[in-house]
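A.B. asks: The structure that follows is given in the form of structure tokens.
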Amino acid sequence: MLRNVPYPTKGVRLVKNVLAPMRDGVFLAMDLYMPDSAEPGRFAVVMEYIPYRKDQVRPGDAFYDFFPLHGYVMARVDCRGTGASGGRTSDEYMALEQADAYEVVEWIAGQPWCDGHVNMIGISYGGFSALQCASLAPPHLTSIIPMDFTDDRYLDDCHYVGGLLRMYYDAGYYGCFMVAWNAAPPSKEWLDADWGAIWDAHLEGNQPYLLEWFRHQTDGPYWRNGSVGDIAERIRCPVFMIGGWRDGYCNPPFRLYSKLQVPQKILLGPWNHNKPDTGIPGPRIDYLPTVLRWLDHWCKGIDTGLMDEPPIVVYMQKYDRPDPLRRESSGLWRAETQWPLRNEKQRVFYLDRAALVDEPGAAGVDCFEYLPSVGTTSGLWSAGVPFGLPGDQRSDEALSLVYDTAPLAEDLAILGRPVAVLHVASSASVMGFVVRLCEVGRDGSSHLIAKGILNATRRDSFFDPVPLVPDEVVKLEIPVDTTGWIFTKGNRIRLSISSADFPNVWPTPESGVNRVLRGGQQPSHVVLPEVPVEGDTEPPHFAPATPKADEAMPLPQWEIIEELLSGQTRLRFAISRPFGSIVAEASVDRLNPANASISGRAVIEQPFANGMIRVVSETVVQSTATHFHILVDLKVTMNDTTHFARHWTESVVRRLL
């Protein structure tokens with residue numbers, strides 16, 4: 001029997017803790033946001049499947065109210081081993097978790113309140129899980145709407161990029177946070193006699209995800225699990241992909257679009273890792289009416305006209321003075337009827353003496369020292385942290401090789417993925433290369449558009465890396481992140497080259513001097529996917545989003561500290577949330593790149609009876625030339641009395657990383 005609870009939004013009925021049985025006897029818990037009608041009915045369902053604790057949703061959240069107010073049931077499901085669901089978890093996206101999603105979809109489809117149509121929607125983890133479930137092809141999965149997702153868990157996720165280990169985000173923020181989040185107690189109000197057993201199972205059985213991430217430093221079966229780009233042909237339902245250029249997952253939508261064999265659409269705005277009505281920089285749009293038109297088409301057979309509109313809608317960004325606090329991005333909406341574009345052409349710029357030119361010049365070489373602290377102006381890689389846009393790049397560019405075009409004679413638009421082709425040599429056996437594509441304004445300020453990163457030991461294979469031979473020239477093809485951008489007449493295009501992206505990427509361990517060859521027989525260059533300034537059809541109109549209360553929230557802490565005598569560069573950031581706080585600190589040594597570290601501390605507080613349950617997780621990762629040393633501590637207290645404590649310690653050999 002469904003259990004209704006009071007809910008503030010008129011027209012929405014909340015049903016708490018509906019339990020779906022899995023084949024092994026474990027129950028997964030979900031909350032249902034249902035249309036509040038006088039007569040019982042059968043409705044299509046929109047399902048969100050994530051480990052981020054359904055009972056933390058604030059009553060009246062517009063995302064959960066919208067669908068029932070328009071005739072759909074919204075189902076928020078806790079993954080196995082998380083929130084109010086039973087079982088245990090030791091990692092994200094396990095095969096068992098994906099199989100559970102299939103079972104939940106089919107179970108929901110058979111309920112008397114469901115009309116047989118089940119859709120999946122979600123941002124980040126929810127987008128991943130929607131695609132993973134779709135690859136299993138449940139018969140009643142009608143469509144999916146993944147937002148800010150990846151199709152490749154090694155190449156494009158929060159763990160590795162270009163074969164280099166991510167730093168601040170993986171261990172200091174997300175990896176640390178999930179230890180505490182998975183250990184926090186479920187809400188006792190809805191679990192009755194099962195509350196203690198479910199929490200004990202989570203405490204005793206769950207493992208820190210980050211240990212597996214450090215154990216798997218190269219591509220392989222571990223990362224292929226859940227990477228739907230490998231098996232896109234298995235997805236049989238329509239797919240509506242939503243993302244943002246400033247999100248950490250800007251590459252997957254177009255890559256997956258080229259592989260899918262089902263009806264599909266893409267909506268890409270200027271946003272960071274957030275929904276289109278809350279993302280920064282704006283313009284923020286009211287996107288849910290477009291999602292409703294999608295659902296009405298596939299679930300109710302209503303001709304909403306959406307599928308007659310262009311399948312690809314993107315926001316073409318333009319130059320703004322770089323500011324980490326900017327709320328808006330200049331630009332315009334663009335629509336295309338196909339991908340790849342018919343009228344794209346490759347615009348090649350060759351590296352010359354501090355210049356980007358149209359033809360290769362005379363042979364030459366440029367040298368730079370590897371400095372592991374370069375990157376502090378590049379912003380924070382976006383996959384959950386709600387701030388971190390890049391600032392003016394000039395202080396990092398002073399420590400990099402820099403190449404500029406002449407002032408542009410006319411606007412130049414690009415849409416797609418640029419590629420930097422570099423002929424390089426290094427005095428080290430392990431070295432990364434980072435290229436930054438920027439637009440330079442007339443005042444000299446440098447606005448970061450997109451980055452490309454590659455660990456040169458993985459230049460031929462992410463599965464089987466090989467060390468560099470010191471001072472031997474190799475050719476690198478470095479994909480730059482996908483973007484949509486219109487360079488402004490009179491401004492300049494800039495490419496900078498370095499070997500670090502602190503605090504986003506863990507530094508490689510060896511000091512070194514790198515050479516970039518240009519002109520002659522080894523003409524290093526960058527290829528831009530140039531397109532006409534206007535798209536091939538008219539874009540749709542989006543209503544602006546209603547401003548959200550979080551726009552007035554206090555600024556988080558984000559600071560960079562240079563210790564001139566010790567050679568240390570440190571990042572510190574702190575975020576407060578309604579459930580607690582997260583603080584992280586990363587450090588690199590400009591004199592000894594092998595000596596790097598990251599620490600994180602997550603605190604979650606939950607009232608209980610006359611007191612407070614407090615969950616604290618702390619992670620520390622310290623690198624040497626040969627190893628990563630990982631420490632994880634978890635402590636759960638009730639009114640300062642220890643209820644549960646556990647620690648994990650592991651040393652992992654570095655694999656050309």
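We label chains A, B, ... in the order they appear in the structure tokens, count residues from 1 in each chain, and number ligands from 1 in the order shown.
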For Val73 (chain A), please output as a short mmCIF file (atom, residue, chain, number, x, y, z; two decimals) with N, CA and C atoms, in the first residue's frame all residues within 10 Å (counting only C-alpha atoms; exclusion window: fewer than 3 positions along the same chain).

C.D. replies:
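Saved the output as out.cif:
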data_model
loop_
_atom_site.label_atom_id
_atom_site.label_comp_id
_atom_site.auth_asym_id
_atom_site.auth_seq_id
_atom_site.Cartn_x
_atom_site.Cartn_y
_atom_site.Cartn_z
N VAL A 12 0.70 17.84 -6.15
CA VAL A 12 1.73 16.79 -6.07
C VAL A 12 1.49 15.97 -4.82
N ARG A 13 1.51 14.67 -4.98
CA ARG A 13 1.37 13.74 -3.86
C ARG A 13 2.68 12.99 -3.70
N LEU A 14 3.27 13.05 -2.51
CA LEU A 14 4.53 12.37 -2.23
C LEU A 14 4.27 11.04 -1.53
N LEU A 32 8.13 8.44 -4.63
CA LEU A 32 7.31 8.74 -5.80
C LEU A 32 6.66 10.11 -5.63
N TYR A 33 6.86 10.96 -6.61
CA TYR A 33 6.17 12.24 -6.69
C TYR A 33 5.09 12.07 -7.75
N MET A 34 3.81 12.01 -7.29
CA MET A 34 2.72 11.59 -8.16
C MET A 34 1.74 12.73 -8.40
N PRO A 35 1.05 12.72 -9.54
CA PRO A 35 -0.05 13.67 -9.71
C PRO A 35 -1.10 13.44 -8.64
N ARG A 42 -3.21 5.75 -14.07
CA ARG A 42 -1.96 5.13 -14.52
C ARG A 42 -1.20 6.19 -15.31
N PHE A 43 0.07 6.33 -14.97
CA PHE A 43 0.87 7.42 -15.52
C PHE A 43 2.19 6.89 -16.07
N ALA A 44 2.71 7.59 -17.04
CA ALA A 44 4.10 7.35 -17.43
C ALA A 44 5.01 7.83 -16.30
N VAL A 45 6.19 7.19 -16.19
CA VAL A 45 7.10 7.44 -15.07
C VAL A 45 8.41 8.01 -15.59
N VAL A 46 8.93 8.99 -14.84
CA VAL A 46 10.27 9.54 -15.07
C VAL A 46 11.11 9.13 -13.87
N MET A 47 12.17 8.37 -14.10
CA MET A 47 12.94 7.75 -13.01
C MET A 47 14.35 8.33 -12.95
N TYR A 64 11.47 17.97 -9.06
CA TYR A 64 10.61 16.84 -8.74
C TYR A 64 9.13 17.20 -8.83
N ASP A 65 8.78 18.47 -8.69
CA ASP A 65 7.39 18.88 -8.80
C ASP A 65 6.92 18.97 -10.25
N PHE A 66 7.84 19.33 -11.15
CA PHE A 66 7.44 19.64 -12.52
C PHE A 66 6.72 18.47 -13.19
N PHE A 67 7.26 17.29 -13.09
CA PHE A 67 6.70 16.16 -13.83
C PHE A 67 5.32 15.74 -13.32
N PRO A 68 5.11 15.58 -12.00
CA PRO A 68 3.74 15.25 -11.57
C PRO A 68 2.74 16.36 -11.88
N LEU A 69 3.16 17.61 -11.86
CA LEU A 69 2.24 18.69 -12.22
C LEU A 69 1.84 18.64 -13.69
N HIS A 70 2.57 17.86 -14.48
CA HIS A 70 2.25 17.71 -15.90
C HIS A 70 1.90 16.27 -16.27
N ARG A 76 12.34 8.75 -7.61
CA ARG A 76 13.74 8.95 -7.21
C ARG A 76 14.18 7.69 -6.48
N TRP A 113 0.03 1.88 -10.86
CA TRP A 113 0.05 3.33 -11.09
C TRP A 113 0.88 3.73 -12.31
N CYS A 114 1.46 2.74 -13.00
CA CYS A 114 2.28 3.01 -14.19
C CYS A 114 1.56 2.53 -15.44
N VAL A 118 8.33 3.89 -18.93
CA VAL A 118 9.31 4.33 -17.94
C VAL A 118 10.44 5.04 -18.68
#

A.B. asks: In region 135-221 of chain A, what's strand (DSSP E or B) per DSSP? Answer as a PyMOL selection string?

C.D. replies: chain A and resi 141-147+160-161+164-166

A.B. asks: Which residue out of A:Arg654, A:Lys54, A:Arg3, A:Lys265 has the minimum interatomic distance to Pro465 (chain A) when only C-alpha atoms are used?

C.D. replies: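 Of all the options, A:Arg654 lies closest to Pro465 (chain A).
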
A.B. asks: Residues of region 482-600 of chain A that have any atom at most 6 Å from an atom of region 372-383 of chain A: could you tabulate them with the shortest-distance atom pair and the distance in Å to one decimal, using only C-alpha atoms, ordered by chain and increasing number, as JSON lines?

C.D. replies:
{"residue": "A:Ala500", "atom": "CA", "partner": "A:Pro372", "partner_atom": "CA", "distance": 5.2}
{"residue": "A:Asp501", "atom": "CA", "partner": "A:Gly375", "partner_atom": "CA", "distance": 4.2}
{"residue": "A:Phe502", "atom": "CA", "partner": "A:Gly375", "partner_atom": "CA", "distance": 4.7}
{"residue": "A:Pro507", "atom": "CA", "partner": "A:Pro372", "partner_atom": "CA", "distance": 5.7}
{"residue": "A:Arg590", "atom": "CA", "partner": "A:Pro372", "partner_atom": "CA", "distance": 5.8}

A.B. asks: Identify, on the basis of only C-alpha atoms, every residue whose closest approach to region 83-98 of chain A does not exceed 9 Å; exclude the query and any residue fewer than 3 positions from it along the same chain; express the result as a ChimeraX atom specification.

C.D. replies: /A:17,19,26-30,51-55,77-80,101-103,125,128-129,132-133,136,181-188,190-191,195,197-199,201-212,225-226

A.B. asks: Would you save the residues of that selection, restricted to C-alpha atoms, as a PDB file, in the first residue's frame?

C.D. replies:
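And here's part.pdb as it stands now:
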ATOM      1  CA  ASN A  17       9.946   4.649   0.568  1.00  0.00           C
ATOM      2  CA  LEU A  19      10.431  -0.849  -2.027  1.00  0.00           C
ATOM      3  CA  VAL A  26      17.629  -6.914  -1.537  1.00  0.00           C
ATOM      4  CA  PHE A  27      15.081  -4.089  -1.718  1.00  0.00           C
ATOM      5  CA  LEU A  28      15.789  -0.766  -3.405  1.00  0.00           C
ATOM      6  CA  ALA A  29      13.966   2.234  -1.961  1.00  0.00           C
ATOM      7  CA  MET A  30      12.310   4.976  -3.987  1.00  0.00           C
ATOM      8  CA  PRO A  51      23.346   7.102  -4.864  1.00  0.00           C
ATOM      9  CA  TYR A  52      22.828  10.608  -3.480  1.00  0.00           C
ATOM     10  CA  ARG A  53      20.108   9.830  -0.911  1.00  0.00           C
ATOM     11  CA  LYS A  54      16.528  10.497  -1.956  1.00  0.00           C
ATOM     12  CA  ASP A  55      15.571  11.585   1.568  1.00  0.00           C
ATOM     13  CA  VAL A  77      15.567   5.660  -6.548  1.00  0.00           C
ATOM     14  CA  ASP A  78      18.532   5.048  -4.210  1.00  0.00           C
ATOM     15  CA  CYS A  79      21.128   2.680  -5.701  1.00  0.00           C
ATOM     16  CA  ARG A  80      22.039  -0.489  -3.822  1.00  0.00           C
ATOM     17  CA  ALA A 101      18.418  -0.554 -12.773  1.00  0.00           C
ATOM     18  CA  TYR A 102      16.992  -2.933 -15.382  1.00  0.00           C
ATOM     19  CA  GLU A 103      14.964  -4.689 -12.691  1.00  0.00           C
ATOM     20  CA  TYR A 125      25.708   9.921 -11.987  1.00  0.00           C
ATOM     21  CA  PHE A 128      25.637   7.721 -16.504  1.00  0.00           C
ATOM     22  CA  SER A 129      23.179   5.246 -15.002  1.00  0.00           C
ATOM     23  CA  GLN A 132      24.115   2.174 -18.734  1.00  0.00           C
ATOM     24  CA  CYS A 133      20.589   0.919 -18.111  1.00  0.00           C
ATOM     25  CA  LEU A 136      20.785  -3.366 -21.275  1.00  0.00           C
ATOM     26  CA  TRP A 181      27.802  10.097   2.215  1.00  0.00           C
ATOM     27  CA  ASN A 182      27.535   6.310   1.966  1.00  0.00           C
ATOM     28  CA  ALA A 183      28.094   5.964   5.727  1.00  0.00           C
ATOM     29  CA  ALA A 184      25.456   8.472   6.825  1.00  0.00           C
ATOM     30  CA  PRO A 185      22.338   6.913   8.371  1.00  0.00           C
ATOM     31  CA  PRO A 186      19.194   6.510   6.303  1.00  0.00           C
ATOM     32  CA  SER A 187      16.209   8.548   7.444  1.00  0.00           C
ATOM     33  CA  LYS A 188      14.588   6.503  10.186  1.00  0.00           C
ATOM     34  CA  TRP A 190      10.405   5.739   6.632  1.00  0.00           C
ATOM     35  CA  LEU A 191      12.239   2.483   7.325  1.00  0.00           C
ATOM     36  CA  TRP A 195      16.504   1.118   9.700  1.00  0.00           C
ATOM     37  CA  ALA A 197      19.915  -3.337   9.738  1.00  0.00           C
ATOM     38  CA  ILE A 198      20.220  -1.241   6.570  1.00  0.00           C
ATOM     39  CA  TRP A 199      22.586   1.247   8.187  1.00  0.00           C
ATOM     40  CA  ALA A 201      25.011  -3.213   6.345  1.00  0.00           C
ATOM     41  CA  HIS A 202      26.186   0.044   4.785  1.00  0.00           C
ATOM     42  CA  LEU A 203      28.727   0.713   7.535  1.00  0.00           C
ATOM     43  CA  GLU A 204      30.157  -2.800   7.560  1.00  0.00           C
ATOM     44  CA  GLY A 205      30.083  -3.557   3.852  1.00  0.00           C
ATOM     45  CA  ASN A 206      30.636  -0.356   1.894  1.00  0.00           C
ATOM     46  CA  GLN A 207      34.147   0.468   0.677  1.00  0.00           C
ATOM     47  CA  PRO A 208      35.814   3.743  -0.422  1.00  0.00           C
ATOM     48  CA  TYR A 209      35.395   4.059  -4.168  1.00  0.00           C
ATOM     49  CA  LEU A 210      38.696   5.874  -4.598  1.00  0.00           C
ATOM     50  CA  LEU A 211      40.811   2.791  -3.777  1.00  0.00           C
ATOM     51  CA  GLU A 212      39.706   1.143  -7.021  1.00  0.00           C
ATOM     52  CA  ASN A 225      32.435  -1.587 -17.650  1.00  0.00           C
ATOM     53  CA  GLY A 226      29.818   1.143 -17.872  1.00  0.00           C
TER      54      GLY A 226
END

A.B. asks: In Å to one decimal, how far is CA of Asn272 (chain A) from CA of Tyr403 (chain A)?

C.D. replies: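 So the answer is 27.5 Å.
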
A.B. asks: Pick from A:Ala180, A:Ile497, A:Val474, A:Met167: nearest to Ile604 (chain A), with only C-alpha atoms counted?

C.D. replies: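 The answer is A:Ala180, which sits nearest to Ile604 (chain A).
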
A.B. asks: Residues of region 12-257 of chain A classed as helix (DSSP H, G or I) by DSSP on the backbone are to be reported as a ChimeraX atom specification.

C.D. replies: /A:54-56,62-69,95-109,125-135,168-183,188-190,192-205,209-215,221-224,228-234,252-257

A.B. asks: Sort by chain and increasing residue number a table of all residues of region 287-376 of chain A within 12 Å of region 410-425 of chain A, each with its closest pair of atoms and their distance in Å to one decimal, counting only C-alpha atoms, and write it as a tab-separated table.

C.D. replies:
residue	atom	partner	partner_atom	distance
A:Ile312	CA	A:Leu415	CA	11.7
A:Val313	CA	A:Leu415	CA	11.6
A:Val314	CA	A:Leu415	CA	9.2
A:Tyr315	CA	A:Leu415	CA	10.0
A:Met316	CA	A:Leu415	CA	8.1
A:Gln317	CA	A:Ala413	CA	9.4
A:Lys318	CA	A:Ala413	CA	9.4
A:Tyr319	CA	A:Asp411	CA	11.2
A:Gly331	CA	A:Ala413	CA	11.2
A:Leu332	CA	A:Ala413	CA	11.7
A:Arg334	CA	A:Leu415	CA	10.3
A:Ala335	CA	A:Leu415	CA	11.4
A:Glu336	CA	A:Leu415	CA	10.8
A:Trp339	CA	A:Gly416	CA	9.9
A:Pro340	CA	A:Gly416	CA	8.8
A:Leu341	CA	A:Leu415	CA	9.1
A:Asn343	CA	A:Leu415	CA	11.0
A:Glu344	CA	A:Leu415	CA	8.4
A:Lys345	CA	A:Ile414	CA	9.4
A:Gln346	CA	A:Pro418	CA	9.1
A:Arg347	CA	A:Ile414	CA	9.2
A:Val348	CA	A:Val419	CA	9.7
A:Phe349	CA	A:Ala420	CA	9.6
A:Tyr350	CA	A:Val421	CA	9.5
A:Leu351	CA	A:Leu422	CA	9.2
A:Ala363	CA	A:His423	CA	11.7
A:Gly364	CA	A:His423	CA	11.2
A:Val365	CA	A:Val424	CA	9.2
A:Asp366	CA	A:Val424	CA	9.6
A:Cys367	CA	A:Ala425	CA	9.5
A:Phe368	CA	A:Ala425	CA	10.8
A:Glu369	CA	A:Ala425	CA	11.9

A.B. asks: What does the file look like for those residues with N, CA and C atoms, as a short mmCIF file (atom, residue, chain, number, x, y, z; two decimals), in the first residue's frame?

C.D. replies:
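The new file result.cif reads:
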data_model
loop_
_atom_site.label_atom_id
_atom_site.label_comp_id
_atom_site.auth_asym_id
_atom_site.auth_seq_id
_atom_site.Cartn_x
_atom_site.Cartn_y
_atom_site.Cartn_z
N ILE A 312 20.13 19.23 -33.17
CA ILE A 312 21.31 19.74 -32.46
C ILE A 312 21.12 21.24 -32.22
N VAL A 313 21.11 21.61 -30.94
CA VAL A 313 20.99 23.01 -30.55
C VAL A 313 22.12 23.31 -29.56
N VAL A 314 22.97 24.27 -29.91
CA VAL A 314 24.13 24.60 -29.07
C VAL A 314 24.22 26.11 -28.90
N TYR A 315 24.89 26.50 -27.83
CA TYR A 315 25.15 27.93 -27.58
C TYR A 315 26.58 28.23 -28.01
N MET A 316 26.71 29.15 -28.95
CA MET A 316 28.03 29.56 -29.43
C MET A 316 28.54 30.70 -28.55
N GLN A 317 29.60 30.42 -27.80
CA GLN A 317 30.14 31.40 -26.87
C GLN A 317 30.98 32.45 -27.59
N LYS A 318 31.08 33.62 -26.97
CA LYS A 318 31.94 34.68 -27.46
C LYS A 318 32.80 35.20 -26.32
N TYR A 319 33.79 36.00 -26.71
CA TYR A 319 34.75 36.52 -25.74
C TYR A 319 34.09 37.42 -24.70
N GLY A 331 27.13 35.41 -26.40
CA GLY A 331 27.02 34.42 -27.46
C GLY A 331 25.62 34.36 -28.02
N LEU A 332 25.33 33.28 -28.73
CA LEU A 332 24.02 33.12 -29.38
C LEU A 332 23.74 31.63 -29.59
N ARG A 334 22.48 28.34 -31.68
CA ARG A 334 22.71 27.86 -33.04
C ARG A 334 22.04 26.49 -33.18
N ALA A 335 21.51 26.20 -34.34
CA ALA A 335 20.88 24.90 -34.59
C ALA A 335 21.46 24.27 -35.85
N GLU A 336 21.58 22.95 -35.79
CA GLU A 336 22.09 22.18 -36.93
C GLU A 336 21.20 20.97 -37.17
N TRP A 339 25.03 15.88 -37.86
CA TRP A 339 26.40 15.83 -37.34
C TRP A 339 27.08 14.59 -37.90
N PRO A 340 28.32 14.68 -38.40
CA PRO A 340 29.14 15.88 -38.55
C PRO A 340 28.50 16.90 -39.51
N LEU A 341 28.93 18.14 -39.36
CA LEU A 341 28.37 19.20 -40.18
C LEU A 341 28.87 19.08 -41.62
N ASN A 343 29.28 21.51 -43.70
CA ASN A 343 30.10 22.65 -44.14
C ASN A 343 31.26 22.94 -43.20
N GLU A 344 31.68 21.95 -42.40
CA GLU A 344 32.86 22.14 -41.56
C GLU A 344 34.13 22.02 -42.42
N LYS A 345 35.13 22.83 -42.09
CA LYS A 345 36.42 22.67 -42.73
C LYS A 345 37.51 22.80 -41.67
N GLN A 346 38.64 22.20 -41.93
CA GLN A 346 39.74 22.23 -40.97
C GLN A 346 40.57 23.49 -41.20
N ARG A 347 40.65 24.30 -40.16
CA ARG A 347 41.49 25.50 -40.22
C ARG A 347 42.77 25.19 -39.45
N VAL A 348 43.89 25.21 -40.14
CA VAL A 348 45.17 24.82 -39.56
C VAL A 348 46.02 26.06 -39.30
N PHE A 349 46.53 26.13 -38.07
CA PHE A 349 47.50 27.16 -37.73
C PHE A 349 48.79 26.47 -37.30
N TYR A 350 49.92 26.91 -37.88
CA TYR A 350 51.21 26.30 -37.59
C TYR A 350 51.96 27.13 -36.56
N LEU A 351 52.71 26.45 -35.71
CA LEU A 351 53.53 27.13 -34.70
C LEU A 351 54.76 27.72 -35.38
N ALA A 363 62.41 25.52 -39.94
CA ALA A 363 62.56 24.62 -38.79
C ALA A 363 63.09 25.39 -37.59
N GLY A 364 62.55 25.06 -36.44
CA GLY A 364 62.99 25.70 -35.20
C GLY A 364 62.56 24.86 -34.01
N VAL A 365 62.98 25.26 -32.85
CA VAL A 365 62.64 24.54 -31.62
C VAL A 365 62.45 25.55 -30.50
N ASP A 366 61.46 25.30 -29.66
CA ASP A 366 61.20 26.11 -28.47
C ASP A 366 61.26 25.21 -27.25
N CYS A 367 61.84 25.72 -26.18
CA CYS A 367 62.03 24.93 -24.96
C CYS A 367 61.28 25.55 -23.78
N PHE A 368 60.84 24.69 -22.87
CA PHE A 368 60.26 25.18 -21.62
C PHE A 368 60.54 24.18 -20.51
N GLU A 369 60.63 24.71 -19.31
CA GLU A 369 60.85 23.88 -18.13
C GLU A 369 59.51 23.40 -17.60
#

A.B. asks: Would you mind listing what lies within 10 Å of Ser227 (chain A) as a ChimeraX atom specification, with only C-alpha atoms counted and same-chain residues fewer than 5 positions away left out?

C.D. replies: /A:93,128,131-132,135,150-156,221-222,232
